[in-house]
$ cat data-v8.cif   # mmCIF, C-alpha atoms and all ligand atoms
data_start
loop_
_atom_site.label_atom_id
_atom_site.label_comp_id
_atom_site.auth_asym_id
_atom_site.auth_seq_id
_atom_site.Cartn_x
_atom_site.Cartn_y
_atom_site.Cartn_z
CA MET A 1 64.85 -46.67 73.24
CA ALA A 2 65.89 -50.28 72.87
CA VAL A 3 68.31 -50.81 70.02
CA GLU A 4 69.62 -54.19 68.99
CA LYS A 5 73.31 -53.99 68.24
CA GLY A 6 75.82 -56.71 68.97
CA GLY A 7 73.52 -58.48 71.44
CA ARG A 8 73.07 -55.51 73.77
CA ARG A 9 69.53 -54.55 74.79
CA ASP A 10 66.79 -56.67 73.30
CA PRO A 11 64.38 -54.53 71.23
CA VAL A 12 61.86 -57.29 71.35
CA ALA A 13 61.67 -57.32 75.13
CA ALA A 14 60.79 -53.65 75.48
CA PRO A 15 57.30 -52.85 74.16
CA ALA A 16 56.79 -49.40 72.67
CA ARG A 17 54.13 -47.62 74.74
CA THR A 18 51.10 -46.27 72.93
CA ASP A 19 48.81 -43.51 74.20
CA ARG A 20 46.78 -45.93 76.30
CA GLY A 21 43.48 -44.64 77.58
CA SER A 22 43.07 -42.04 74.84
CA ALA A 23 40.85 -42.58 71.80
CA ASN A 24 44.02 -42.93 69.70
CA GLY A 25 45.47 -45.43 72.15
CA GLY A 26 42.40 -47.64 71.65
CA LYS A 27 43.09 -48.11 67.95
CA ALA A 28 46.84 -48.37 68.51
CA ASP A 29 46.42 -51.14 71.09
CA LEU A 30 44.13 -53.12 68.77
CA VAL A 31 46.53 -52.75 65.83
CA GLN A 32 49.54 -53.64 67.98
CA ALA A 33 47.85 -56.80 69.35
CA MET A 34 46.58 -57.81 65.90
CA PHE A 35 50.02 -57.69 64.25
CA THR A 36 51.59 -59.58 67.12
CA ARG A 37 48.87 -62.26 66.69
CA ILE A 38 49.44 -62.74 62.94
CA ALA A 39 53.23 -62.18 62.88
CA GLY A 40 54.12 -65.84 62.31
CA ARG A 41 51.97 -66.08 59.16
CA TYR A 42 52.37 -62.48 57.98
CA ASP A 43 54.95 -63.14 55.22
CA LEU A 44 53.11 -66.15 53.85
CA MET A 45 49.81 -64.25 53.74
CA ASN A 46 51.49 -61.35 51.89
CA ALA A 47 52.90 -63.71 49.29
CA LEU A 48 49.52 -65.41 48.78
CA MET A 49 47.38 -62.26 48.76
CA THR A 50 49.58 -60.39 46.28
CA PHE A 51 50.41 -63.41 44.08
CA GLY A 52 54.06 -62.83 44.98
CA ARG A 53 54.12 -59.16 43.85
CA HIS A 54 54.67 -57.55 47.28
CA GLN A 55 58.47 -57.69 47.19
CA ALA A 56 58.59 -56.01 43.75
CA TRP A 57 56.55 -53.07 45.15
CA ARG A 58 58.91 -52.75 48.12
CA ARG A 59 61.88 -52.78 45.72
CA VAL A 60 60.41 -49.76 43.88
CA ALA A 61 60.08 -47.88 47.20
CA ALA A 62 63.59 -48.97 48.19
CA ARG A 63 65.07 -47.63 44.95
CA ALA A 64 63.48 -44.24 45.70
CA THR A 65 65.71 -43.96 48.80
CA ILE A 66 68.79 -43.73 46.55
CA ALA A 67 67.87 -40.07 45.85
CA ALA A 68 68.08 -39.23 49.58
CA PRO A 69 71.26 -37.65 50.94
CA GLU A 70 73.91 -39.80 52.62
CA GLY A 71 72.91 -41.02 56.05
CA ARG A 72 70.75 -43.44 57.97
CA VAL A 73 67.32 -44.57 56.82
CA LEU A 74 64.48 -45.13 59.28
CA ASP A 75 62.08 -47.84 58.11
CA LEU A 76 58.97 -47.16 60.16
CA ALA A 77 56.60 -50.04 60.92
CA THR A 78 59.29 -52.33 59.61
CA GLY A 79 57.25 -55.43 60.45
CA THR A 80 59.23 -58.46 59.32
CA ALA A 81 61.89 -56.14 57.81
CA ASP A 82 61.27 -56.80 54.12
CA LEU A 83 61.48 -53.13 53.14
CA ALA A 84 64.55 -52.63 55.34
CA LEU A 85 66.23 -55.53 53.49
CA ALA A 86 65.18 -54.13 50.09
CA ILE A 87 66.72 -50.76 51.04
CA LEU A 88 69.97 -52.48 51.91
CA GLU A 89 69.90 -54.28 48.58
CA ALA A 90 69.41 -50.94 46.76
CA SER A 91 72.12 -49.17 48.83
CA PRO A 92 74.42 -51.71 50.52
CA HIS A 93 76.41 -48.95 52.28
CA ARG A 94 73.40 -47.52 54.15
CA ARG A 95 72.60 -48.09 57.81
CA VAL A 96 68.92 -48.84 58.31
CA VAL A 97 66.95 -48.62 61.55
CA GLY A 98 63.75 -50.69 61.52
CA ALA A 99 61.15 -49.49 64.04
CA ASP A 100 57.86 -51.12 64.96
CA PHE A 101 55.57 -51.26 68.00
CA SER A 102 54.63 -54.95 67.62
CA LEU A 103 56.98 -57.22 69.53
CA GLY A 104 55.75 -60.23 67.56
CA MET A 105 56.66 -58.59 64.23
CA LEU A 106 60.05 -57.48 65.60
CA ARG A 107 60.78 -61.07 66.69
CA GLU A 108 60.11 -62.29 63.14
CA ALA A 109 62.29 -59.45 61.81
CA ARG A 110 65.13 -60.39 64.15
CA ARG A 111 64.99 -64.02 63.07
CA LYS A 112 65.09 -63.01 59.39
CA LEU A 113 67.93 -60.50 59.81
CA ARG A 114 70.06 -63.03 61.71
CA ALA A 115 69.50 -65.68 59.04
CA ARG A 116 70.61 -63.20 56.37
CA HIS A 117 73.51 -61.74 58.41
CA ALA A 118 72.05 -58.28 57.82
CA THR A 119 74.23 -56.44 60.32
CA HIS A 120 73.55 -53.00 58.78
CA ILE A 121 69.97 -53.12 60.07
CA SER A 122 69.14 -52.45 63.74
CA LEU A 123 65.71 -52.91 65.28
CA VAL A 124 63.91 -50.58 67.65
CA ALA A 125 60.61 -50.93 69.48
CA ALA A 126 58.93 -47.57 68.85
CA ASP A 127 55.54 -45.96 68.25
CA ALA A 128 55.37 -44.04 64.95
CA LEU A 129 53.26 -41.38 66.69
CA ARG A 130 56.00 -40.50 69.18
CA LEU A 131 59.32 -41.46 67.78
CA PRO A 132 62.22 -41.76 70.22
CA PHE A 133 64.58 -39.83 67.91
CA THR A 134 65.77 -36.26 67.92
CA ASP A 135 64.86 -33.88 65.09
CA ALA A 136 66.61 -34.37 61.75
CA SER A 137 68.30 -37.64 62.72
CA PHE A 138 67.68 -39.49 59.43
CA ALA A 139 68.41 -38.86 55.75
CA CYS A 140 65.27 -40.73 54.80
CA VAL A 141 62.15 -42.20 56.45
CA THR A 142 60.30 -45.03 54.72
CA SER A 143 57.20 -47.03 55.51
CA ALA A 144 55.26 -49.79 53.80
CA PHE A 145 51.65 -50.55 54.71
CA LEU A 146 51.75 -48.35 57.83
CA LEU A 147 49.69 -45.24 57.14
CA ARG A 148 46.15 -46.66 57.26
CA ASN A 149 46.96 -48.25 60.62
CA LEU A 150 47.82 -44.96 62.30
CA ALA A 151 45.35 -43.65 64.87
CA ASP A 152 46.40 -40.09 63.97
CA LEU A 153 47.71 -39.81 60.39
CA PRO A 154 48.57 -36.05 60.47
CA ARG A 155 50.60 -36.61 63.63
CA GLY A 156 52.37 -39.60 62.05
CA LEU A 157 53.31 -37.48 59.02
CA ARG A 158 54.58 -34.68 61.26
CA GLU A 159 56.75 -37.17 63.16
CA MET A 160 58.25 -38.44 59.89
CA GLN A 161 58.94 -34.86 58.82
CA ARG A 162 60.46 -34.00 62.22
CA VAL A 163 63.02 -36.82 62.30
CA THR A 164 64.10 -36.31 58.66
CA ARG A 165 66.84 -33.80 58.03
CA PRO A 166 66.50 -30.92 55.55
CA GLY A 167 66.86 -32.22 52.01
CA GLY A 168 65.95 -35.74 53.16
CA ARG A 169 63.12 -37.88 51.77
CA VAL A 170 59.94 -39.38 53.21
CA ILE A 171 58.78 -42.38 51.16
CA MET A 172 55.53 -44.17 51.95
CA LEU A 173 54.03 -47.23 50.28
CA GLU A 174 50.39 -48.05 50.97
CA ILE A 175 47.47 -49.97 49.51
CA THR A 176 44.94 -47.78 47.78
CA ARG A 177 41.50 -48.32 46.22
CA PRO A 178 41.85 -49.02 42.48
CA THR A 179 39.72 -46.91 40.15
CA LEU A 180 40.01 -48.91 36.91
CA PRO A 181 36.47 -49.83 35.78
CA VAL A 182 35.62 -53.54 36.11
CA PHE A 183 38.95 -54.32 37.82
CA SER A 184 37.95 -52.20 40.83
CA GLN A 185 34.78 -54.30 41.25
CA VAL A 186 36.62 -57.59 40.88
CA PHE A 187 39.27 -56.36 43.32
CA GLY A 188 36.55 -55.33 45.81
CA VAL A 189 35.08 -58.84 45.83
CA TYR A 190 38.52 -60.44 46.06
CA PHE A 191 39.69 -58.14 48.86
CA HIS A 192 36.51 -58.20 50.96
CA ARG A 193 35.44 -61.84 50.47
CA LEU A 194 38.38 -64.01 49.47
CA VAL A 195 41.17 -62.42 51.51
CA PRO A 196 39.37 -62.82 54.90
CA ALA A 197 38.56 -66.44 54.01
CA VAL A 198 42.23 -67.15 53.17
CA GLY A 199 43.26 -65.27 56.34
CA ALA A 200 40.99 -67.52 58.39
CA VAL A 201 42.55 -70.68 56.99
CA ILE A 202 46.22 -69.67 56.73
CA ALA A 203 46.61 -67.19 59.61
CA GLY A 204 43.71 -68.48 61.72
CA ASP A 205 42.51 -64.88 61.94
CA ALA A 206 39.64 -63.80 59.68
CA GLU A 207 39.20 -60.64 61.78
CA ALA A 208 42.69 -59.32 60.95
CA TYR A 209 42.06 -59.93 57.25
CA ARG A 210 38.65 -58.22 57.43
CA TYR A 211 40.33 -55.24 59.07
CA LEU A 212 42.74 -55.04 56.09
CA PRO A 213 40.18 -54.20 53.34
CA ASP A 214 38.09 -52.11 55.76
CA SER A 215 41.12 -50.00 56.70
CA VAL A 216 41.91 -49.43 53.01
CA ASP A 217 38.28 -48.34 52.39
CA ARG A 218 38.49 -45.82 55.23
CA PHE A 219 41.91 -44.49 54.20
CA ALA A 220 42.67 -41.26 52.33
CA SER A 221 42.85 -41.28 48.53
CA PRO A 222 46.29 -40.65 46.99
CA ASP A 223 45.34 -37.00 46.31
CA GLU A 224 44.04 -36.49 49.84
CA LEU A 225 47.30 -37.87 51.17
CA ILE A 226 49.20 -35.32 49.07
CA GLU A 227 47.26 -32.54 50.88
CA LEU A 228 48.05 -34.05 54.29
CA MET A 229 51.73 -34.29 53.34
CA LYS A 230 51.76 -30.58 52.47
CA GLN A 231 50.11 -29.75 55.81
CA ALA A 232 52.83 -31.76 57.58
CA GLY A 233 55.50 -29.61 55.92
CA LEU A 234 56.60 -32.09 53.26
CA ARG A 235 57.69 -30.36 50.07
CA ARG A 236 57.25 -31.46 46.44
CA PRO A 237 54.84 -34.28 47.36
CA SER A 238 54.17 -36.75 44.55
CA TYR A 239 53.00 -40.31 44.06
CA ARG A 240 53.05 -43.15 41.59
CA LEU A 241 50.64 -46.07 41.31
CA LEU A 242 51.59 -49.71 40.91
CA GLY A 243 49.78 -53.05 40.89
CA LEU A 244 46.93 -51.89 38.60
CA GLY A 245 46.32 -48.94 40.90
CA THR A 246 46.16 -50.94 44.14
CA ILE A 247 49.46 -49.58 45.50
CA ALA A 248 50.56 -45.96 45.88
CA ILE A 249 54.08 -44.82 46.67
CA HIS A 250 54.15 -41.23 47.96
CA THR A 251 57.37 -39.24 48.20
CA GLY A 252 58.04 -35.91 49.87
CA VAL A 253 61.11 -33.79 50.54
CA VAL A 254 61.90 -32.14 53.89
C1 LIG B 301 50.98 -54.28 57.42
S1 LIG B 301 52.37 -54.32 58.47
C2 LIG B 301 53.68 -53.74 57.41
C3 LIG B 301 55.03 -54.30 57.78
C4 LIG B 301 56.16 -54.02 56.80
N1 LIG B 301 56.40 -52.61 56.67
C5 LIG B 301 55.93 -54.65 55.46
O1 LIG B 301 56.30 -54.03 54.45
O2 LIG B 301 55.45 -55.77 55.38
C6 LIG B 301 52.06 -52.90 59.45
C7 LIG B 301 53.08 -52.75 60.55
O3 LIG B 301 52.88 -51.46 61.13
C8 LIG B 301 53.13 -51.57 62.51
N2 LIG B 301 52.49 -50.40 63.13
C9 LIG B 301 51.22 -50.00 63.03
N3 LIG B 301 51.02 -48.87 63.72
C10 LIG B 301 52.22 -48.55 64.27
C11 LIG B 301 52.67 -47.50 65.10
N4 LIG B 301 51.85 -46.54 65.53
N5 LIG B 301 53.96 -47.48 65.47
C12 LIG B 301 54.81 -48.45 65.05
N6 LIG B 301 54.45 -49.48 64.28
C13 LIG B 301 53.16 -49.53 63.89
C14 LIG B 301 52.51 -52.91 62.87
O4 LIG B 301 52.97 -53.39 64.10
C15 LIG B 301 52.93 -53.76 61.68
O5 LIG B 301 54.16 -54.40 61.89
#

$ encode --input "data-v8.cif" --output "structure tokens" --more "lines below"
Ligand SMILES: C[S@@+](CC[C@H](N)C(=O)[O-])C[C@H]1O[C@@H](n2cnc3c(N)ncnc32)[C@H](O)[C@@H]1O
Amino acid sequence: MAVEKGGRRDPVAAPARTDRGSANGGKADLVQAMFTRIAGRYDLMNALMTFGRHQAWRRVAARATIAAPEGRVLDLATGTADLALAILEASPHRRVVGADFSLGMLREARRKLRARHATHISLVAADALRLPFTDASFACVTSAFLLRNLADLPRGLREMQRVTRPGGRVIMLEITRPTLPVFSQVFGVYFHRLVPAVGAVIAGDAEAYRYLPDSVDRFASPDELIELMKQAGLRRPSYRLLGLGTIAIHTGVV
């Protein structure tokens, strides 16, 4: 495990290995390469695509961590560390570990954390499907926009459950398909047509921004995710919808 702390090992120099060669490894490698490709424009694209709402959604997820017992929070798939920073804002005393398997995203995160002197957050290169942490090592595990990228969602949920200690919380924010009549159709056109076009111009990567709506289409509904959470051993699973039903925040207790 490569942890950044006081300039010791560089998390960004040690790629997290995926299950290369397996069917799961195929998807993981594509996702890892894609996020490293778009890392430099990731924040700007988020701001444009969500009309600036993305940080407000992360703040709601961050506030949910306050109910977790004392102890460290693991922000899985931390990307450019926006949720990790929101958690720190909600609970300034917490230590947060941000883990991601894209070196490009971790580099952006490191730059941002240094600029903000966020010394309570450490970064780790790690694969969410085989976390380099012992059982029950965190009071809370969070993720934003990770789940639909996982090659093996049940395994990812089991890993989150495993590294969270009894009484701790698992909090997951993800895009979901809206069901409001009319709005869902407008959103479909926006998400499938406009977003890839903006992605082509701003991030130079239409493919990554075609993958985004396609991955949401293929992903579990909020109720299906509740079932998967139960199967992974998460208790009292629940969710709330935000952003006119385009965002779901699921919470479970270990
Ligand atoms: C859409 S970004 C979300 C980043 C950040 N959480 C946010 O709120 O903006 C998805 C992130 O998940 C990471 N990711 C996807 N699959 C992963 C895996 N198996 N292990 C670790 N990170 C993963 C990607 O590298 C990427 O940084």

$ residues_around --input "data-v8.cif" --residues "Gln161 (chain A)" --least-positions-apart "6" --cutoff "8 Å" --atoms "all atoms listed in the file" --output "PyMOL selection string"
chain A and resi 170+232-234+254

$ residues_around --input "data-v8.cif" --residues "region 171-178 of chain A" --least-positions-apart "4" --cutoff "8 Å" --atoms "all atoms listed in the file" --output "mmCIF file with C-alpha atoms, in the coordinates of the input"
data_model
loop_
_atom_site.group_PDB
_atom_site.id
_atom_site.type_symbol
_atom_site.label_atom_id
_atom_site.label_comp_id
_atom_site.auth_asym_id
_atom_site.auth_seq_id
_atom_site.Cartn_x
_atom_site.Cartn_y
_atom_site.Cartn_z
ATOM 1 C CA ARG A 58 58.910 -52.750 48.120
ATOM 2 C CA ALA A 61 60.080 -47.880 47.200
ATOM 3 C CA ALA A 64 63.480 -44.240 45.700
ATOM 4 C CA THR A 65 65.710 -43.960 48.800
ATOM 5 C CA CYS A 140 65.270 -40.730 54.800
ATOM 6 C CA VAL A 141 62.150 -42.200 56.450
ATOM 7 C CA THR A 142 60.300 -45.030 54.720
ATOM 8 C CA SER A 143 57.200 -47.030 55.510
ATOM 9 C CA ALA A 144 55.260 -49.790 53.800
ATOM 10 C CA PHE A 145 51.650 -50.550 54.710
ATOM 11 C CA LEU A 146 51.750 -48.350 57.830
ATOM 12 C CA LEU A 147 49.690 -45.240 57.140
ATOM 13 C CA ARG A 148 46.150 -46.660 57.260
ATOM 14 C CA PHE A 183 38.950 -54.320 37.820
ATOM 15 C CA SER A 184 37.950 -52.200 40.830
ATOM 16 C CA PHE A 187 39.270 -56.360 43.320
ATOM 17 C CA VAL A 216 41.910 -49.430 53.010
ATOM 18 C CA ASP A 217 38.280 -48.340 52.390
ATOM 19 C CA PHE A 219 41.910 -44.490 54.200
ATOM 20 C CA SER A 221 42.850 -41.280 48.530
ATOM 21 C CA PRO A 222 46.290 -40.650 46.990
ATOM 22 C CA LEU A 244 46.930 -51.890 38.600
ATOM 23 C CA GLY A 245 46.320 -48.940 40.900
ATOM 24 C CA THR A 246 46.160 -50.940 44.140
ATOM 25 C CA ILE A 247 49.460 -49.580 45.500
ATOM 26 C CA ALA A 248 50.560 -45.960 45.880
ATOM 27 C CA ILE A 249 54.080 -44.820 46.670
ATOM 28 C CA HIS A 250 54.150 -41.230 47.960
ATOM 29 C CA THR A 251 57.370 -39.240 48.200
ATOM 30 C CA GLY A 252 58.040 -35.910 49.870
#

$ residues_near_ligand --input "data-v8.cif" --ligand "ligand LIG 301 (chain B)" --cutoff "8 Å" --atoms "all atoms listed in the file" --output "MDAnalysis selection string"
chainID A and resid 16 18 28 31:32 34:36 39 42:43 46 58 75:83 99:103 105:106 125:129 143:147 149:151 156

$ residues_around --input "data-v8.cif" --residues "Lys230 (chain A)" --least-positions-apart "6" --cutoff "10 Å" --atoms "all atoms listed in the file" --output "NGL selection string"
:A and (157 or 236-237 or 252)

$ atom_distance --input "data-v8.cif" --atom1 "CA of Glu70 (chain A)" --atom2 "CA of Arg94 (chain A)"
7.9 Å

$ closest_atom_pairs --input "data-v8.cif" --of "region 81-104 of chain A" --to "region 113-124 of chain A" --cutoff "6 Å" --atoms "all atoms listed in the file" --output "tab-separated table"
residue	atom	partner	partner_atom	distance
A:Arg95	CA	A:His120	CA	5.1
A:Val96	CA	A:Ile121	CA	4.7
A:Val97	CA	A:Ser122	CA	4.9
A:Gly98	CA	A:Leu123	CA	4.8
A:Ala99	CA	A:Val124	CA	4.7

$ atom_distance --input "data-v8.cif" --atom1 "CA of Gly71 (chain A)" --atom2 "CA of Gly104 (chain A)"
28.2 Å

$ closest_residue --input "data-v8.cif" --among "A:Pro213, A:Ala200, A:Leu241, A:Leu131" --to "Arg41 (chain A)" --atoms "all atoms listed in the file"
A:Ala200

$ residues_near_point --input "data-v8.cif" --point "(70.6, -31.3, 54.7)" --cutoff "9 Å" --atoms "all atoms listed in the file" --output "JSON, numbers by chain"
{"A": [69, 136, 139, 165, 166, 167, 168, 254]}

$ write_last_selection --input "data-v8.cif" --atoms "C-alpha atoms" --output "compact mmCIF listing (two decimals), in the frame of the given file"
# COMPACT_ATOMS: atom_id res chain seq x y z
CA PRO A 69 71.26 -37.65 50.94
CA ALA A 136 66.61 -34.37 61.75
CA ALA A 139 68.41 -38.86 55.75
CA ARG A 165 66.84 -33.80 58.03
CA PRO A 166 66.50 -30.92 55.55
CA GLY A 167 66.86 -32.22 52.01
CA GLY A 168 65.95 -35.74 53.16
CA VAL A 254 61.90 -32.14 53.89

$ residues_around --input "data-v8.cif" --residues "Ala90 (chain A)" --least-positions-apart "5" --cutoff "8 Å" --atoms "all atoms listed in the file" --output "PyMOL selection string"
chain A and resi 59+62-63+66

$ closest_residue --input "data-v8.cif" --among "A:Leu225, A:Ala220, A:Ala33, A:Met160" --to "Pro132 (chain A)" --atoms "all atoms listed in the file"
A:Met160

$ atom_distance --input "data-v8.cif" --atom1 "CA of Leu74 (chain A)" --atom2 "CA of Asp214 (chain A)"
27.5 Å
